[in-house]
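Structure, as structure tokens:
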Amino acid sequence: MKNIILYTDGACSGNPGKGGWGAILKYGNHEKVLSGGEKETTNNRMELLAVIKGLEALKEKCSIEIYSDSAYVVNAFLQGWLSAWKENNWKTSSKKDVLNIDLWKRLDQLLNKHEVEWFKVKGHADNELNNRCDKLARAEIEKLK
């Protein structure tokens, strides 16, 4: 099984507003860079989409380390939010519908295909790959202006 490292980031100009996402997949010495944007979206949707698009680029089952500066995304797994939402029929602990349910379901399906470990990184710090993902996301926003 291939060992993959996936760095992701999302950004928004206005929230909601124009948004972009960036993802960098690393396998040994190989690197794949992905990015995209949407005209009307939120920061959290872009953070989720970055992970989804990175995972969708994989063609076989992999062992993946996912690095994100999004507490919203990472804590859904490290703190068990996603499992609880699924058990509660996609409702939060306060019985409200889970936001971005379409993307969470899409991500959940993708994760079933792989072995995944999650890592929270500090945003806008000295992490080179996270900073590159941030630049990719912001460049996508600029394309939409």
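Residues in the structure tokens are numbered from 1 in each chain, the chains being A, B, ... in the order shown, and ligands are numbered from 1 in the order shown.
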
Sel. of alpha helix (DSSP H) residues, range 63-143 of chain A, as an NGL selection string
:A and (71-78 or 81-87 or 101-111 or 128-143)

Restrict the selected residues to N, CA and C atoms and save them as a tab-separated table (two decimals), in the first residue's frame.
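Printed below is selection-v8.tsv as written:
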chain	number	residue	atom	x	y	z
A	71	ALA	N	-9.47	23.42	12.11
A	71	ALA	CA	-9.99	22.71	13.27
A	71	ALA	C	-11.34	22.07	12.94
A	72	TYR	N	-12.13	22.76	12.12
A	72	TYR	CA	-13.45	22.26	11.71
A	72	TYR	C	-13.32	20.87	11.06
A	73	VAL	N	-12.36	20.71	10.17
A	73	VAL	CA	-12.19	19.43	9.48
A	73	VAL	C	-11.51	18.41	10.38
A	74	VAL	N	-10.38	18.77	10.94
A	74	VAL	CA	-9.58	17.80	11.70
A	74	VAL	C	-10.32	17.32	12.96
A	75	ASN	N	-10.96	18.24	13.68
A	75	ASN	CA	-11.65	17.84	14.91
A	75	ASN	C	-12.85	16.94	14.66
A	76	ALA	N	-13.41	17.00	13.47
A	76	ALA	CA	-14.51	16.09	13.15
A	76	ALA	C	-14.07	14.63	13.27
A	77	PHE	N	-12.77	14.41	13.09
A	77	PHE	CA	-12.24	13.05	13.19
A	77	PHE	C	-11.53	12.82	14.52
A	78	LEU	N	-10.69	13.76	14.94
A	78	LEU	CA	-9.94	13.57	16.18
A	78	LEU	C	-10.84	13.61	17.41
A	81	TRP	N	-16.60	13.84	16.03
A	81	TRP	CA	-17.84	14.51	15.62
A	81	TRP	C	-18.53	13.74	14.49
A	82	LEU	N	-17.76	13.34	13.49
A	82	LEU	CA	-18.37	12.69	12.32
A	82	LEU	C	-19.12	11.42	12.72
A	83	SER	N	-18.49	10.61	13.56
A	83	SER	CA	-19.15	9.38	14.02
A	83	SER	C	-20.44	9.69	14.75
A	84	ALA	N	-20.41	10.71	15.60
A	84	ALA	CA	-21.61	11.10	16.35
A	84	ALA	C	-22.70	11.61	15.42
A	85	TRP	N	-22.31	12.41	14.43
A	85	TRP	CA	-23.30	12.92	13.47
A	85	TRP	C	-23.99	11.77	12.74
A	86	LYS	N	-23.21	10.81	12.32
A	86	LYS	CA	-23.78	9.67	11.59
A	86	LYS	C	-24.73	8.87	12.48
A	87	GLU	N	-24.32	8.65	13.73
A	87	GLU	CA	-25.18	7.93	14.69
A	87	GLU	C	-26.47	8.68	14.95
A	101	ILE	N	-23.50	19.03	4.88
A	101	ILE	CA	-23.73	17.58	4.92
A	101	ILE	C	-23.35	16.90	3.60
A	102	ASP	N	-23.54	17.59	2.48
A	102	ASP	CA	-23.20	16.99	1.19
A	102	ASP	C	-21.70	16.68	1.11
A	103	LEU	N	-20.89	17.61	1.60
A	103	LEU	CA	-19.44	17.40	1.56
A	103	LEU	C	-18.98	16.41	2.62
A	104	TRP	N	-19.59	16.44	3.79
A	104	TRP	CA	-19.22	15.47	4.83
A	104	TRP	C	-19.53	14.05	4.37
A	105	LYS	N	-20.66	13.84	3.72
A	105	LYS	CA	-21.01	12.50	3.24
A	105	LYS	C	-20.04	12.06	2.14
A	106	ARG	N	-19.69	12.98	1.27
A	106	ARG	CA	-18.74	12.69	0.20
A	106	ARG	C	-17.38	12.32	0.78
A	107	LEU	N	-16.92	13.08	1.77
A	107	LEU	CA	-15.65	12.80	2.42
A	107	LEU	C	-15.69	11.47	3.16
A	108	ASP	N	-16.78	11.20	3.85
A	108	ASP	CA	-16.92	9.95	4.59
A	108	ASP	C	-16.79	8.75	3.65
A	109	GLN	N	-17.41	8.82	2.49
A	109	GLN	CA	-17.31	7.72	1.52
A	109	GLN	C	-15.87	7.53	1.04
A	110	LEU	N	-15.19	8.63	0.77
A	110	LEU	CA	-13.80	8.55	0.31
A	110	LEU	C	-12.89	7.94	1.38
A	111	LEU	N	-13.12	8.29	2.63
A	111	LEU	CA	-12.28	7.81	3.71
A	111	LEU	C	-12.42	6.31	3.93
A	128	GLU	N	5.94	24.86	5.34
A	128	GLU	CA	6.07	25.16	3.91
A	128	GLU	C	4.90	24.64	3.07
A	129	LEU	N	4.52	23.39	3.27
A	129	LEU	CA	3.45	22.82	2.44
A	129	LEU	C	2.09	23.44	2.76
A	130	ASN	N	1.84	23.74	4.03
A	130	ASN	CA	0.59	24.42	4.37
A	130	ASN	C	0.55	25.81	3.75
A	131	ASN	N	1.67	26.51	3.79
A	131	ASN	CA	1.73	27.84	3.19
A	131	ASN	C	1.54	27.78	1.68
A	132	ARG	N	2.08	26.76	1.04
A	132	ARG	CA	1.88	26.61	-0.40
A	132	ARG	C	0.40	26.37	-0.72
A	133	CYS	N	-0.26	25.55	0.09
A	133	CYS	CA	-1.70	25.29	-0.12
A	133	CYS	C	-2.50	26.58	0.06
A	134	ASP	N	-2.13	27.37	1.04
A	134	ASP	CA	-2.79	28.66	1.27
A	134	ASP	C	-2.63	29.56	0.04
A	135	LYS	N	-1.42	29.60	-0.52
A	135	LYS	CA	-1.19	30.42	-1.72
A	135	LYS	C	-2.01	29.92	-2.90
A	136	LEU	N	-2.11	28.61	-3.05
A	136	LEU	CA	-2.94	28.03	-4.13
A	136	LEU	C	-4.40	28.46	-3.97
A	137	ALA	N	-4.91	28.36	-2.75
A	137	ALA	CA	-6.31	28.73	-2.48
A	137	ALA	C	-6.55	30.21	-2.76
A	138	ARG	N	-5.63	31.05	-2.31
A	138	ARG	CA	-5.79	32.50	-2.52
A	138	ARG	C	-5.66	32.88	-4.00
A	139	ALA	N	-4.82	32.17	-4.73
A	139	ALA	CA	-4.68	32.42	-6.17
A	139	ALA	C	-5.99	32.09	-6.90
A	140	GLU	N	-6.69	31.07	-6.44
A	140	GLU	CA	-7.97	30.70	-7.05
A	140	GLU	C	-9.01	31.79	-6.80
A	141	ILE	N	-8.98	32.41	-5.61
A	141	ILE	CA	-9.90	33.50	-5.32
A	141	ILE	C	-9.63	34.67	-6.26
A	142	GLU	N	-8.36	34.97	-6.48
A	142	GLU	CA	-8.00	36.07	-7.37
A	142	GLU	C	-8.51	35.85	-8.79
A	143	LYS	N	-8.52	34.59	-9.24
A	143	LYS	CA	-9.01	34.26	-10.58
A	143	LYS	C	-10.49	34.59	-10.71

Please return, as a list of chain:residue names, all residues of range 95-140 of chain A that DSSP assigns to strand (DSSP E or B) on the basis of the backbone.
A:Asp97, A:Glu115, A:Val116, A:Glu117, A:Trp118, A:Phe119, A:Lys120

Would you put the residues from that selection into a file with N, CA and C atoms, as a short mmCIF file (atom, residue, chain, number, x, y, z; two decimals), in the first residue's frame?
data_model
loop_
_atom_site.label_atom_id
_atom_site.label_comp_id
_atom_site.auth_asym_id
_atom_site.auth_seq_id
_atom_site.Cartn_x
_atom_site.Cartn_y
_atom_site.Cartn_z
N ASP A 97 -29.42 20.21 11.91
CA ASP A 97 -28.81 19.54 10.77
C ASP A 97 -27.33 19.90 10.70
N GLU A 115 -6.69 4.11 4.54
CA GLU A 115 -6.30 4.19 5.95
C GLU A 115 -5.79 5.61 6.17
N VAL A 116 -6.43 6.34 7.07
CA VAL A 116 -6.15 7.78 7.21
C VAL A 116 -5.77 8.14 8.64
N GLU A 117 -4.78 9.01 8.74
CA GLU A 117 -4.40 9.60 10.01
C GLU A 117 -4.45 11.12 9.84
N TRP A 118 -5.04 11.81 10.81
CA TRP A 118 -5.25 13.26 10.72
C TRP A 118 -4.26 14.03 11.57
N PHE A 119 -3.80 15.17 11.05
CA PHE A 119 -2.87 16.03 11.77
C PHE A 119 -3.31 17.48 11.62
N LYS A 120 -3.41 18.17 12.75
CA LYS A 120 -3.73 19.61 12.74
C LYS A 120 -2.42 20.37 12.73
#

Can you tell me how far CA of Ile64 in chain A sits from CA of Ile24 in chain A, in Å to one decimal?
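That distance, rounded to one decimal, is 12.2 Å.
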
Env of Gly36 in chain A: 7 Å cut, atoms = only C-alpha atoms, seq-sep filter 4 positions within chain, self excluded. Answer as a VMD selection string.
chain A and resid 20 to 22 140

May I have the selected residues written with N, CA and C atoms, as a PDB file, in the first residue's frame?
ATOM      1  N   GLY A  20     -11.455  29.576  -2.483  1.00  0.00           N
ATOM      2  CA  GLY A  20     -10.501  28.735  -3.182  1.00  0.00           C
ATOM      3  C   GLY A  20      -9.976  27.652  -2.259  1.00  0.00           C
ATOM      4  N   TRP A  21      -9.461  26.603  -2.867  1.00  0.00           N
ATOM      5  CA  TRP A  21      -8.865  25.511  -2.096  1.00  0.00           C
ATOM      6  C   TRP A  21      -7.588  25.058  -2.797  1.00  0.00           C
ATOM      7  N   GLY A  22      -6.696  24.489  -2.014  1.00  0.00           N
ATOM      8  CA  GLY A  22      -5.457  23.958  -2.554  1.00  0.00           C
ATOM      9  C   GLY A  22      -5.110  22.662  -1.850  1.00  0.00           C
ATOM     10  N   GLU A 140      -6.685  31.065  -6.441  1.00  0.00           N
ATOM     11  CA  GLU A 140      -7.975  30.695  -7.050  1.00  0.00           C
ATOM     12  C   GLU A 140      -9.006  31.788  -6.800  1.00  0.00           C
TER      13      GLU A 140
END

Using only C-alpha atoms, which of A:Ala125, A:Lys145, A:Cys62, A:Met1 sits nearest Gly19 in chain A?
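Among the listed residues, the smallest separation from Gly19 in chain A belongs to A:Lys145.
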
Distance in Å - CA of Ala57 in chain A versus CA of Asn112 in chain A
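Computing it gives 14.9 Å between the two atoms.
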
If we count only C-alpha atoms and set the cut-off at 9 Å, which residues sit around Lys53 in chain A, ignoring sequence neighbours fewer than 5 positions away in its own chain? Please answer as a PyMOL selection string.
chain A and resi 22-23+34-35+48

In Å, with one decimal, what is the gap from CA of Asn29 in chain A to CA of Met46 in chain A?
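So the two atoms, CA of Asn29 in chain A and CA of Met46 in chain A, lie 27.0 Å apart.
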
For Asn3 in chain A, list every protein, DNA or RNA residue within 9 Å, evaluated using only C-alpha atoms, and leave out those in the same chain fewer than 4 positions away; present the list as a VMD selection string.
chain A and resid 26 to 28 62 to 65

Taking only C-alpha atoms into account, name the residue in A:Leu144, A:Leu25, A:Ile5, A:Leu99 that is nearest to Gly54 in chain A.
A:Leu25

Rank nothing, just name the residue among A:Asn127, A:Asn100, A:Gln79, A:Thr42 nearest to Asn15 in chain A, using only C-alpha atoms.
A:Thr42

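If you measure from each of A:Thr92, A:Asn44, A:Ala50, A:Pro16 to Ile66 in chain A using only C-alpha atoms, the closest one turns out to be A:Ala50.
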
Proximity to Gly14 in chain A - best of A:Lys39, A:His114, A:Lys95, A:Lys32, only C-alpha atoms
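Once distances to Gly14 in chain A are computed over only C-alpha atoms, the minimum belongs to A:Lys39.
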